[in-house]
file entry_11.cif (mmCIF, C-alpha atoms)
data_target
#
loop_
_atom_site.label_atom_id
_atom_site.label_comp_id
_atom_site.auth_asym_id
_atom_site.auth_seq_id
_atom_site.Cartn_x
_atom_site.Cartn_y
_atom_site.Cartn_z
CA MET E 22 18.70 -19.79 77.05
CA ARG E 23 15.17 -21.00 77.66
CA PHE E 24 14.63 -23.16 80.79
CA VAL E 25 17.99 -21.94 82.13
CA ASP E 26 18.46 -18.17 82.45
CA GLU E 27 15.17 -17.53 84.21
CA PHE E 28 16.07 -20.17 86.77
CA ARG E 29 19.36 -18.49 87.76
CA ASP E 30 18.00 -15.07 88.68
CA PRO E 31 19.86 -13.86 91.82
CA GLU E 32 16.98 -11.62 93.01
CA LEU E 33 14.50 -14.48 92.89
CA GLY E 34 17.09 -16.66 94.61
CA ARG E 35 17.39 -14.23 97.50
CA ALA E 36 13.59 -14.04 97.76
CA LEU E 37 13.38 -17.83 97.95
CA ALA E 38 16.14 -17.90 100.58
CA GLY E 39 14.04 -15.44 102.63
CA GLU E 40 10.97 -17.63 102.20
CA ILE E 41 12.94 -20.67 103.38
CA LEU E 42 14.14 -18.73 106.44
CA SER E 43 10.53 -17.90 107.32
CA LEU E 44 9.53 -21.57 107.16
CA VAL E 45 12.10 -23.05 109.54
CA GLU E 46 11.46 -23.54 113.22
CA ALA E 47 14.23 -22.22 115.47
CA GLY E 48 15.91 -25.03 117.40
CA ARG E 49 14.91 -27.72 114.91
CA HIS E 50 17.54 -29.28 112.63
CA TYR E 51 16.28 -30.25 109.16
CA LYS E 52 17.98 -32.91 107.04
CA VAL E 53 16.86 -32.94 103.41
CA MET E 54 18.37 -35.49 101.03
CA GLU E 55 18.86 -34.68 97.37
CA VAL E 56 18.69 -38.12 95.82
CA CYS E 57 20.24 -37.26 92.51
CA GLY E 58 23.89 -36.63 91.71
CA GLY E 59 22.87 -33.93 89.24
CA HIS E 60 21.38 -31.98 92.12
CA THR E 61 24.51 -32.51 94.22
CA HIS E 62 26.56 -31.09 91.37
CA SER E 63 24.30 -28.01 91.08
CA ILE E 64 24.26 -27.45 94.85
CA TYR E 65 28.05 -27.26 95.04
CA LYS E 66 28.48 -25.45 91.76
CA TYR E 67 26.11 -22.61 92.68
CA GLY E 68 26.79 -22.62 96.44
CA ILE E 69 23.10 -23.28 97.13
CA ASP E 70 23.79 -24.64 100.62
CA ASP E 71 25.30 -21.23 101.51
CA LEU E 72 21.88 -19.65 100.92
CA LEU E 73 20.14 -21.94 103.40
CA PRO E 74 19.74 -21.31 107.14
CA GLU E 75 22.29 -23.12 109.31
CA ASN E 76 19.71 -25.57 110.59
CA VAL E 77 18.77 -26.78 107.09
CA GLU E 78 21.26 -29.42 106.01
CA LEU E 79 21.38 -30.90 102.51
CA VAL E 80 22.41 -34.55 102.62
CA HIS E 81 23.76 -36.08 99.43
CA GLY E 82 22.12 -39.29 98.30
CA PRO E 83 23.05 -42.34 96.24
CA GLY E 84 21.84 -41.01 92.87
CA CYS E 85 25.11 -41.12 90.99
CA PRO E 86 25.22 -44.41 89.08
CA VAL E 87 28.99 -44.32 88.68
CA CYS E 88 29.38 -43.89 92.44
CA VAL E 89 27.28 -46.88 93.42
CA ILE E 90 28.85 -49.42 91.05
CA PRO E 91 30.67 -52.04 93.15
CA MET E 92 34.29 -52.96 92.43
CA GLY E 93 33.37 -56.50 91.42
CA ARG E 94 31.29 -55.21 88.50
CA VAL E 95 34.22 -53.03 87.34
CA ASP E 96 36.42 -56.14 87.42
CA ASP E 97 33.80 -58.02 85.39
CA GLY E 98 33.81 -55.21 82.81
CA ILE E 99 37.61 -55.27 82.60
CA ALA E 100 37.50 -59.06 82.08
CA LEU E 101 35.17 -58.53 79.10
CA ALA E 102 37.37 -55.69 77.77
CA LYS E 103 40.35 -58.05 77.77
CA ILE E 104 38.67 -60.67 75.56
CA PRO E 105 40.98 -60.87 72.51
CA GLY E 106 39.55 -58.92 69.59
CA ALA E 107 36.71 -57.36 71.57
CA ILE E 108 35.83 -53.67 71.54
CA PHE E 109 34.54 -52.56 74.93
CA THR E 110 32.44 -49.38 75.01
CA CYS E 111 31.31 -47.33 78.00
CA PHE E 112 30.50 -43.80 79.16
CA GLY E 113 33.48 -41.58 79.90
CA ASP E 114 33.30 -41.50 83.67
CA MET E 115 33.15 -45.24 83.95
CA MET E 116 36.61 -45.55 82.44
CA ARG E 117 38.26 -44.10 85.53
CA VAL E 118 36.40 -46.07 88.19
CA PRO E 119 38.91 -48.20 90.05
CA GLY E 120 38.42 -51.95 90.14
CA SER E 121 40.44 -54.23 92.39
CA ASN E 122 43.33 -54.16 89.95
CA GLY E 123 43.11 -50.91 88.00
CA SER E 124 40.45 -49.21 85.90
CA LEU E 125 39.17 -49.63 82.36
CA LEU E 126 41.51 -46.79 81.42
CA ASP E 127 44.42 -48.85 82.79
CA ALA E 128 43.18 -51.84 80.79
CA LYS E 129 43.15 -49.59 77.69
CA ALA E 130 46.73 -48.52 78.43
CA GLU E 131 47.65 -52.20 78.61
CA GLY E 132 46.24 -52.81 75.13
CA ALA E 133 42.53 -53.53 75.53
CA ASP E 134 40.32 -51.74 72.99
CA VAL E 135 38.21 -49.64 75.38
CA ARG E 136 36.30 -46.76 73.78
CA MET E 137 34.24 -43.98 75.27
CA VAL E 138 30.78 -43.44 73.81
CA TYR E 139 28.13 -40.79 74.44
CA SER E 140 25.20 -43.09 73.85
CA PRO E 141 24.40 -46.79 73.39
CA LEU E 142 23.58 -45.94 69.78
CA ASP E 143 27.24 -44.92 69.28
CA ALA E 144 28.26 -48.39 70.54
CA LEU E 145 25.89 -50.04 68.05
CA ARG E 146 27.39 -47.94 65.25
CA ILE E 147 30.86 -49.21 66.21
CA ALA E 148 29.51 -52.78 66.04
CA LYS E 149 28.11 -52.19 62.55
CA LYS E 150 31.43 -50.75 61.37
CA ASN E 151 33.36 -53.69 62.83
CA PRO E 152 31.33 -56.79 61.91
CA ASP E 153 34.27 -59.14 62.55
CA ARG E 154 34.70 -58.03 66.16
CA GLN E 155 32.59 -58.46 69.27
CA VAL E 156 31.41 -55.07 70.56
CA ILE E 157 30.30 -54.91 74.19
CA PHE E 158 28.43 -51.96 75.70
CA PHE E 159 28.74 -51.43 79.47
CA ALA E 160 25.24 -50.16 80.25
CA LEU E 161 25.04 -48.02 83.37
CA GLY E 162 22.60 -45.58 84.87
CA PHE E 163 19.19 -45.15 86.45
CA GLU E 164 15.87 -45.09 84.66
CA THR E 165 17.05 -41.99 82.77
CA THR E 166 19.57 -44.03 80.77
CA ALA E 167 17.89 -47.44 80.72
CA PRO E 168 15.36 -46.54 77.96
CA SER E 169 18.27 -45.57 75.72
CA THR E 170 19.91 -48.97 76.22
CA ALA E 171 16.56 -50.71 75.68
CA LEU E 172 15.94 -48.93 72.38
CA THR E 173 19.46 -49.71 71.17
CA LEU E 174 19.04 -53.40 71.99
CA ARG E 175 15.74 -53.44 70.11
CA ARG E 176 17.46 -51.77 67.16
CA ALA E 177 20.34 -54.29 67.29
CA ARG E 178 17.78 -57.11 67.21
CA ALA E 179 15.79 -55.53 64.35
CA GLU E 180 18.93 -54.89 62.28
CA GLY E 181 20.44 -58.30 63.07
CA VAL E 182 23.68 -56.90 64.52
CA SER E 183 24.89 -60.18 66.01
CA ASN E 184 28.32 -58.97 67.15
CA PHE E 185 26.78 -56.47 69.61
CA SER E 186 26.05 -57.27 73.25
CA CYS E 187 25.44 -55.46 76.50
CA MET E 188 26.71 -55.89 80.07
CA CYS E 189 23.75 -54.50 81.96
CA ASN E 190 24.35 -52.52 85.16
CA HIS E 191 21.21 -50.40 85.14
CA VAL E 192 19.87 -49.66 88.59
CA THR E 193 16.48 -48.49 89.83
CA ILE E 194 15.94 -45.56 92.15
CA VAL E 195 13.18 -46.71 94.50
CA PRO E 196 14.79 -49.72 96.30
CA PRO E 197 17.84 -47.76 97.56
CA LEU E 198 15.53 -45.01 98.86
CA ARG E 199 13.58 -47.60 100.83
CA ALA E 200 16.90 -49.04 102.11
CA LEU E 201 17.99 -45.55 103.22
CA LEU E 202 14.67 -44.91 104.94
CA ASP E 203 15.02 -48.23 106.79
CA SER E 204 18.63 -47.48 107.76
CA PRO E 205 19.08 -46.66 111.45
CA ASP E 206 22.11 -44.46 110.57
CA LEU E 207 20.09 -41.67 109.13
CA ARG E 208 17.17 -39.48 110.11
CA LEU E 209 15.84 -37.55 107.15
CA ASP E 210 13.06 -34.98 107.04
CA GLY E 211 12.35 -35.01 103.30
CA PHE E 212 13.64 -35.66 99.80
CA VAL E 213 14.47 -33.53 96.79
CA GLY E 214 13.32 -36.08 94.20
CA PRO E 215 15.23 -36.85 90.99
CA GLY E 216 14.16 -34.73 88.03
CA HIS E 217 15.07 -36.65 84.93
CA VAL E 218 14.57 -40.14 86.35
CA SER E 219 11.03 -38.91 86.96
CA THR E 220 10.55 -37.92 83.32
CA VAL E 221 10.63 -41.69 82.73
CA VAL E 222 9.12 -43.23 85.90
CA GLY E 223 6.85 -40.32 86.82
CA ALA E 224 6.00 -39.26 90.35
CA ARG E 225 3.90 -42.26 91.39
CA PRO E 226 6.82 -44.55 92.41
CA PHE E 227 7.73 -42.05 95.16
CA GLU E 228 4.30 -42.08 96.78
CA PHE E 229 5.42 -44.77 99.25
CA ILE E 230 7.70 -42.23 100.95
CA PRO E 231 4.90 -40.05 102.34
CA ALA E 232 2.50 -43.01 102.62
CA ASP E 233 4.79 -45.42 104.51
CA TYR E 234 7.35 -43.09 106.10
CA GLY E 235 5.49 -39.78 106.42
CA LYS E 236 8.21 -37.77 104.61
CA PRO E 237 7.68 -35.13 101.91
CA VAL E 238 9.14 -35.58 98.41
CA VAL E 239 9.47 -32.74 95.91
CA ILE E 240 10.60 -33.68 92.40
CA SER E 241 12.98 -30.94 91.35
CA GLY E 242 14.67 -29.39 88.35
CA PHE E 243 18.41 -28.76 88.30
CA GLU E 244 18.78 -25.00 88.15
CA PRO E 245 19.54 -23.08 91.37
CA LEU E 246 16.01 -21.67 91.67
CA ASP E 247 14.52 -25.12 91.07
CA ILE E 248 16.44 -26.55 93.99
CA LEU E 249 15.75 -23.59 96.30
CA GLN E 250 12.06 -23.73 95.48
CA SER E 251 11.99 -27.50 96.10
CA VAL E 252 13.63 -27.06 99.51
CA SER E 253 11.09 -24.36 100.27
CA MET E 254 8.21 -26.67 99.24
CA ILE E 255 9.56 -29.45 101.50
CA LEU E 256 9.88 -27.06 104.45
CA ARG E 257 6.36 -25.74 103.82
CA GLN E 258 4.98 -29.29 103.91
CA LEU E 259 6.81 -29.89 107.20
CA ALA E 260 5.59 -26.57 108.64
CA GLU E 261 2.01 -27.42 107.68
CA GLY E 262 2.26 -31.01 108.92
CA ARG E 263 1.77 -32.44 105.42
CA SER E 264 3.71 -35.16 103.64
CA GLU E 265 3.06 -35.76 99.96
CA VAL E 266 4.76 -36.01 96.56
CA GLU E 267 4.88 -32.63 94.86
CA ASN E 268 6.25 -31.87 91.41
CA GLN E 269 8.30 -28.66 91.23
CA TYR E 270 9.64 -29.74 87.80
CA SER E 271 6.25 -29.95 86.12
CA ARG E 272 7.57 -28.07 83.06
CA VAL E 273 9.36 -31.32 82.17
CA VAL E 274 8.04 -34.16 84.37
CA PRO E 275 4.53 -35.51 83.76
CA TYR E 276 3.07 -37.21 86.84
CA GLU E 277 2.71 -40.52 84.98
CA GLY E 278 6.23 -40.38 83.42
CA ASN E 279 6.90 -41.64 79.90
CA VAL E 280 4.63 -44.63 79.40
CA THR E 281 6.25 -45.64 76.08
CA ALA E 282 9.68 -45.71 77.76
CA LEU E 283 8.36 -47.87 80.59
CA LYS E 284 6.85 -50.33 78.07
CA VAL E 285 10.12 -50.62 76.13
CA MET E 286 12.04 -51.17 79.38
CA ALA E 287 9.56 -53.87 80.48
CA GLU E 288 10.11 -55.67 77.17
CA VAL E 289 13.91 -55.59 77.23
CA PHE E 290 14.76 -55.83 80.94
CA GLU E 291 13.78 -57.82 83.98
CA LEU E 292 14.56 -57.14 87.63
CA ARG E 293 17.59 -58.86 89.11
CA PRO E 294 16.73 -60.68 92.36
CA HIS E 295 19.41 -58.61 94.09
CA PHE E 296 22.31 -56.31 93.20
CA GLU E 297 25.22 -54.94 95.20
CA TRP E 298 25.38 -51.16 95.73
CA ARG E 299 28.57 -49.61 96.92
CA GLY E 300 28.06 -48.54 100.50
CA LEU E 301 24.54 -49.86 100.73
CA GLY E 302 25.26 -53.57 100.23
CA PHE E 303 22.92 -55.99 98.45
CA ILE E 304 19.47 -54.56 97.75
CA SER E 305 16.77 -56.84 96.40
CA GLN E 306 15.17 -56.05 93.03
CA SER E 307 17.27 -52.91 92.66
CA ALA E 308 18.84 -53.50 89.25
CA LEU E 309 17.98 -54.64 85.74
CA ALA E 310 19.22 -57.56 83.67
CA LEU E 311 18.31 -58.35 80.07
CA SER E 312 15.07 -60.30 79.82
CA GLU E 313 14.96 -63.86 78.44
CA ALA E 314 13.77 -62.43 75.12
CA TYR E 315 17.08 -60.53 74.82
CA ALA E 316 19.32 -63.16 76.46
CA ASP E 317 21.33 -63.60 73.25
CA LEU E 318 22.44 -59.93 73.48
CA ASP E 319 23.55 -60.30 77.11
CA ALA E 320 27.36 -60.06 77.29
CA GLU E 321 27.43 -61.80 80.66
CA ARG E 322 25.70 -64.84 79.20
CA ARG E 323 27.57 -64.72 75.88
CA PHE E 324 31.07 -64.55 77.37
CA GLY E 325 30.73 -65.27 81.12
CA VAL E 326 32.22 -62.98 83.78
CA PRO E 327 34.17 -63.77 86.97
CA GLY E 328 31.37 -62.36 89.15
CA VAL E 329 33.62 -62.10 92.20
CA ARG E 330 32.51 -59.78 95.00
CA VAL E 331 35.30 -57.38 96.01
CA ALA E 332 35.33 -55.42 99.27
CA ASP E 333 35.78 -51.64 99.01
CA PRO E 334 39.24 -50.24 99.85
CA LYS E 335 39.52 -49.75 103.61
CA ALA E 336 40.64 -46.12 103.38
CA CYS E 337 37.63 -45.14 101.28
CA GLN E 338 34.46 -43.98 103.02
CA CYS E 339 32.26 -43.73 99.90
CA GLY E 340 29.68 -45.89 101.63
CA GLU E 341 29.14 -43.36 104.41
CA VAL E 342 29.18 -40.48 101.90
CA LEU E 343 26.57 -42.24 99.71
CA LYS E 344 24.31 -42.76 102.71
CA GLY E 345 24.78 -39.12 103.73
CA VAL E 346 26.25 -40.18 107.08
CA ILE E 347 29.43 -38.15 106.55
CA LYS E 348 30.25 -35.18 104.34
CA PRO E 349 32.88 -35.64 101.61
CA TRP E 350 35.51 -33.61 103.47
CA GLU E 351 35.11 -35.80 106.55
CA CYS E 352 36.55 -38.81 104.67
CA LYS E 353 40.14 -39.51 105.73
CA VAL E 354 41.52 -39.59 102.17
CA PHE E 355 39.45 -36.73 100.67
CA GLY E 356 41.60 -34.35 98.64
CA THR E 357 44.83 -36.00 99.72
CA ALA E 358 45.19 -39.60 98.55
CA CYS E 359 41.84 -39.42 96.72
CA THR E 360 41.40 -36.70 94.06
CA PRO E 361 39.50 -36.55 90.74
CA GLU E 362 42.81 -37.16 88.93
CA ARG E 363 43.59 -40.29 90.99
CA PRO E 364 40.36 -41.42 92.65
CA ILE E 365 40.32 -44.16 95.26
CA GLY E 366 36.57 -44.12 95.69
CA THR E 367 33.80 -43.86 93.13
CA CYS E 368 32.36 -40.65 94.60
CA MET E 369 35.51 -38.85 93.43
CA VAL E 370 35.19 -40.09 89.83
CA SER E 371 32.00 -38.68 88.35
CA PRO E 372 31.37 -34.92 88.47
CA GLU E 373 28.01 -35.91 89.94
CA GLY E 374 29.74 -37.75 92.78
CA ALA E 375 29.50 -35.83 96.04
CA CYS E 376 33.28 -35.90 96.61
CA ALA E 377 34.19 -34.74 93.08
CA ALA E 378 31.53 -32.02 93.13
CA TYR E 379 32.71 -30.81 96.52
CA TYR E 380 36.36 -31.01 95.44
CA SER E 381 35.64 -28.94 92.31
CA TYR E 382 33.33 -26.29 93.71
CA GLY E 383 32.71 -26.51 97.41
CA ARG E 384 35.90 -27.35 99.19
CA TYR E 385 36.43 -23.78 100.26
CA ALA E 386 32.85 -23.41 101.49
CA THR E 387 33.79 -24.21 105.08
CA GLU E 388 36.16 -21.23 104.97
CA ARG E 389 33.74 -18.89 103.18
CA GLU E 390 32.29 -16.03 105.08
CA VAL E 391 28.52 -16.14 105.38
CA VAL E 392 27.02 -12.91 104.01
CA MET P 25 40.23 -39.16 75.74
CA THR P 26 37.52 -36.54 75.55
CA ASP P 27 36.24 -35.66 78.95
CA CYS P 28 32.55 -35.26 79.58
CA HIS P 29 32.93 -32.84 82.49
CA GLY P 30 31.15 -29.98 80.76
CA GLU P 31 29.05 -27.10 81.95
CA ILE P 32 26.26 -29.38 83.09
CA GLY P 33 28.32 -32.29 84.36
CA CYS P 34 28.29 -35.67 82.74
CA ILE P 35 25.48 -35.82 80.20
CA THR P 36 25.67 -39.51 79.68
CA CYS P 37 25.85 -41.24 82.98
CA GLY P 38 23.76 -39.45 85.52
CA ASP P 39 20.40 -37.87 86.00
CA VAL P 40 21.31 -34.94 83.78
CA ALA P 41 19.75 -34.36 80.39
CA VAL P 42 20.10 -31.61 77.82
CA GLU P 43 17.66 -29.50 75.87
CA MET P 44 18.08 -29.97 72.11
CA THR P 45 16.34 -28.62 69.03
CA VAL P 46 15.35 -30.90 66.16
CA LEU P 47 17.08 -30.03 62.86
CA THR P 48 16.08 -32.90 60.55
CA VAL P 49 14.03 -36.06 61.01
CA ASP P 50 14.46 -39.59 59.61
CA ASP P 51 10.96 -40.94 60.27
CA LEU P 52 11.75 -44.39 58.90
CA GLN P 53 14.60 -44.90 61.37
CA ARG P 54 12.88 -42.94 64.19
CA LEU P 55 16.03 -40.81 64.46
CA ALA P 56 16.49 -37.03 64.40
CA MET P 57 19.54 -34.83 64.03
CA CYS P 58 19.37 -32.39 66.95
CA ALA P 59 21.46 -29.44 68.11
CA ALA P 60 22.24 -28.37 71.67
CA ALA P 61 22.49 -24.71 72.73
CA ASP P 62 26.29 -24.83 72.30
CA GLY P 63 25.88 -25.96 68.68
CA THR P 64 26.80 -29.60 69.32
CA GLU P 65 24.88 -31.87 66.96
CA GLU P 66 23.84 -35.41 67.78
CA THR P 67 21.69 -38.17 66.28
CA VAL P 68 18.84 -38.75 68.71
CA GLU P 69 16.37 -41.63 69.11
CA VAL P 70 12.85 -40.13 69.01
CA GLU P 71 10.87 -43.34 69.49
CA LEU P 72 9.68 -42.32 72.97
CA VAL P 73 8.27 -38.88 72.18
CA GLY P 74 5.94 -39.46 69.22
CA ALA P 75 6.21 -37.62 65.92
CA VAL P 76 8.72 -34.76 65.88
CA ALA P 77 9.38 -31.95 63.42
CA PRO P 78 12.25 -29.50 62.83
CA GLY P 79 12.18 -26.80 65.51
CA ASP P 80 10.72 -29.03 68.25
CA GLU P 81 12.61 -28.86 71.54
CA LEU P 82 13.38 -32.16 73.25
CA LEU P 83 14.91 -33.27 76.53
CA VAL P 84 17.69 -35.65 75.50
CA HIS P 85 19.66 -38.08 77.61
CA ALA P 86 22.28 -40.51 76.30
CA GLY P 87 21.14 -40.08 72.73
CA THR P 88 17.44 -40.62 73.46
CA ALA P 89 14.69 -38.00 73.67
CA LEU P 90 12.83 -38.58 76.95
CA GLN P 91 10.29 -35.76 76.76
CA ARG P 92 9.14 -33.08 74.37
CA LEU P 93 9.63 -29.58 75.84
CA SER P 94 7.89 -27.64 73.10
CA THR P 95 6.52 -27.99 69.59
CA ALA P 96 7.69 -25.79 66.71
#

call {"tool": "encode", "arguments": {"input": "entry_11.cif", "output": "structure tokens"}}
result
Amino acid sequence: MRFVDEFRDPELGRALAGEILSLVEAGRHYKVMEVCGGHTHSIYKYGIDDLLPENVELVHGPGCPVCVIPMGRVDDGIALAKIPGAIFTCFGDMMRVPGSNGSLLDAKAEGADVRMVYSPLDALRIAKKNPDRQVIFFALGFETTAPSTALTLRRARAEGVSNFSCMCNHVTIVPPLRALLDSPDLRLDGFVGPGHVSTVVGARPFEFIPADYGKPVVISGFEPLDILQSVSMILRQLAEGRSEVENQYSRVVPYEGNVTALKVMAEVFELRPHFEWRGLGFISQSALALSEAYADLDAERRFGVPGVRVADPKACQCGEVLKGVIKPWECKVFGTACTPERPIGTCMVSPEGACAAYYSYGRYATEREVV
Amino acid sequence: MTDCHGEIGCITCGDVAVEMTVLTVDDLQRLAMCAAADGTEETVEVELVGAVAPGDELLVHAGTALQRLSTA
């Protein structure tokens, strides 16, 4: 398959691993954060960290939207799902995220009409087929998903679908990165930048990382060779004393992003003054709400939500995992009380969550023999 | 419930997108029927990538084409 097979070549992988080895300084420990959950998933799936020298550590970042959703927002979604006669639609992973009193899947089992969709457009179709019922779409994701929601809301407006509304939970990638860089918990040497978020926002929004913090960023694809090459490019920048934004994924990501998508998003959304991120707390201007022009399609305004902040379960250490302070297996409940089948924390829900990815592919890595 | 834990993880909720080929185009609606490598077909919003034609390859996320990968 094009764009896939050539990026999984084992020979080229070994060559890149050798190049990486030649770039590291003995005695120095390198911490490189992959921002995106898709990268985390690939790293565990293909055992990429096993190909790196011992002193190059990949730290998993907050780029899984399911993982960073706070419990209070899940509770708000469940409250909307329980409105009599409503149809509540969301992406599959979101259904299993625990709120303070069960998940959306539990609400479905109790009788709420909760349906999984693959796109916001599917949710709009359900609304058109059920004109007598209120259909709510739980919008979630980074700038990769937000354009899709924006286009669907524009379509709902154009087609006059008045029984459709959206609970907006879209988040933006730059503010949490700044929060992580300002966090005293973590010393990072560079970032593997998000590939598909960058197809929308481009590379420019990441320029503050080298400019203000002196750290390299390499926007990366998702295949094993993409990630290895990106790590190599970061280490080369460090070895040469450079820090800049480089684009390893130029076959897909234009430097300026998708300007049409950004325009549509600017029309439909506005920045929230602040938004709570699991593990990172409240971050200003880090999430999107519907703009005044689309206020009538905002489920929160149409129906009202409890909006109660809920503390994370004490046993769960998702916060530390999301900040890269601990590894998934260092959490006290990892793989015992918290599993993908019965998750306690969000990082165990989505396959892009560090805990679920590690549980599925990497949990034996600590026992694997290095060859 | 259908699970979305496929070969490439969750296609809808994270920073993962899939390569799809355009089969037919509804220019009026700005929609295209597209097929993924595994044969899965999906209606895709093409508003963000300009004019498309059958055979074009697109990067699709949550039912929306984000970038054009190649032109037929």

call {"tool": "interface_residues", "arguments": {"input": "entry_11.cif", "of": "chain E", "to": "chain P", "cutoff": "9 Å", "atoms": "only C-alpha atoms", "output": "number ranges by chain"}}
result
E: 22, 24, 57-60, 62-63, 84-87, 112-115, 136-143, 161-166, 168-170, 172-173, 215-218, 220-221, 243, 272-274, 279-282, 285, 371-373

call {"tool": "resolve_selection", "arguments": {"input": "entry_11.cif", "expression": "the PyMOL selection byres ((chain E and resi 158) around 8)", "output": "ChimeraX atom specification"}}
result
/E:109-111,141,144,156-157,159-160,185-188

call {"tool": "residues_around", "arguments": {"input": "entry_11.cif", "residues": "segment 44-50 of chain P", "least_positions_apart": "3", "cutoff": "7 Å", "atoms": "only C-alpha atoms", "output": "ChimeraX atom specification"}}
result
/P:53-61,77-84

call {"tool": "atom_distance", "arguments": {"input": "entry_11.cif", "atom1": "atom CA of Glu244 of chain E", "atom2": "atom CA of Pro275 of chain E"}}
result
18.2 Å

call {"tool": "resolve_selection", "arguments": {"input": "entry_11.cif", "expression": "the PyMOL selection byres ((chain E and resi 349) around 10)", "output": "ChimeraX atom specification"}}
result
/E:81,338-339,341-343,345-348,350-356,368-369,374-380,384
